[in-house]
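*Asks:* The structure that follows is given in the form of structure tokens.
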Amino acid sequence: MERVWPYGKHLFMQIGEEILHTHLKMEGTWAVHLKGDRWTKPAHTARVQLLLDGTPHEDPIEVVGFSLGFVRIFPTSHYPDVIAHLGPDVLGDDWESTGYNEARRRILSAPDRAIGLALLDQRNLAGIGNEYRAEICFLCGVHPATPVRDTDVDRILTVARRLMWANRLSPVRVTTGIKRPGETTYVFGRNHRPCRRCGTRILQSTLVDDPSVELERIIWWCPHCQPFYPEP
């Protein structure tokens, strides 16, 4: 294993002259343990099993990918083509130098599109999933269905980077600053529960514009903190 790195929601592992490319999708997980330890998931759900030697343990280490949504191996020379369809990585080293401006340009190129769909579209920027999408929109006071032209894209991108950067090493994704179970998010997964800021009941619906892009996901929002005024 020469190198392991993420790009957006994709994980890449370079082994010799080949790269293992995986994506968790909705159900995937990774487990790391010493060889011989009991697996955390049923064996029939394992799609990748790697046996690694080296520090910090004398015994070999097993890295197992369970229920991974996507697995493939390709030559290292193909990497640029593999990620060519993706926008800038929100957590990438080049975000501040070039990624931010490129993501901004791509989002603003479709001003009539809902900001919630633009954020989830990996062609605009890579890394934002449904939970981050919901929480970013709440923190910016924007309803996910609001057209891009009516939002402050600069603020949204700044909040996205800050929020994801703060969570990059955390085993538990937290947007509220509170790690207690059930208190980690403002609106995500909180349908009919009171808003943590104003007490208004959180609502949920779905948002989709192009079914071929597979962006139909549930959205959550606070009607008071994230008002929406659809065009007549």
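Each chain in the structure tokens gets a letter, A, B, ..., in the order shown, and its residues are numbered from 1; ligands are numbered from 1 in order too.
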Write out as a ChimeraX atom specification all residues of segment 60-189 of chain A that DSSP puts in helix (DSSP H, G or I) for this structure's backbone.
*Replies:* /A:76-82,95-108,115-120,130-139,148-150,153-166
*Asks:* Find the spatial neighbours of Pro6 of chain A, counting only C-alpha atoms, within a cut-off of 12 Å - ignore same-chain residues fewer than 5 positions away - and output them as a list of chain:residue names.
*Replies:*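 What passes the distance filter is A:Leu11, A:Phe12, A:Met13, A:Gln14, A:Leu20, A:His21, A:Thr22, A:His23, A:Leu24, A:Ile83, A:Asp89, A:Val90, A:Leu91, A:Gly92, A:Asp93, A:Ala126, A:Gly127, A:Arg168.
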*Asks:* For Gly129 of chain A, which residue out of A:Gly141, A:Pro181, A:Gly65, A:Gly116 is the nearest one, using only C-alpha atoms?
*Replies:*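 The closest residue to Gly129 of chain A is A:Gly116.
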*Asks:* Name the closest residue to Glu18 of chain A among the candidates A:Met164, A:Val172, A:Cys195, A:Ile73; distances are taken between atoms, counting only C-alpha atoms.
*Replies:*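 Nearest to Glu18 of chain A: A:Ile73.
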*Asks:* Between A:Thr29, A:Thr175, A:Asn101, A:Thr76, which has the minimum distance to Thr158 of chain A (counting only C-alpha atoms)?
*Replies:*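 Under the stated criterion, the closest residue is A:Asn101.
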*Asks:* Can you tell me, as an NGL selection string, what residues are no more than 8 Å from His192 of chain A when counting only C-alpha atoms, ignoring any on the same chain fewer than 4 positions away?
*Replies:* :A and (201-203)
*Asks:* Could you save those same residues with C-alpha atoms as an mmCIF file, in the first residue's frame?
*Replies:*
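That gives us again.cif:
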```
data_model
loop_
_atom_site.group_PDB
_atom_site.id
_atom_site.type_symbol
_atom_site.label_atom_id
_atom_site.label_comp_id
_atom_site.auth_asym_id
_atom_site.auth_seq_id
_atom_site.Cartn_x
_atom_site.Cartn_y
_atom_site.Cartn_z
ATOM 1 C CA ARG A 201 -41.410 22.409 13.651
ATOM 2 C CA ILE A 202 -38.890 21.045 11.141
ATOM 3 C CA LEU A 203 -40.407 19.948 7.822
#
```
*Asks:* Of the candidates A:Phe70, A:Tyr79, A:Tyr132, A:Phe138, which one gets nearest to Pro227 of chain A if we count only C-alpha atoms?
*Replies:* A:Phe138
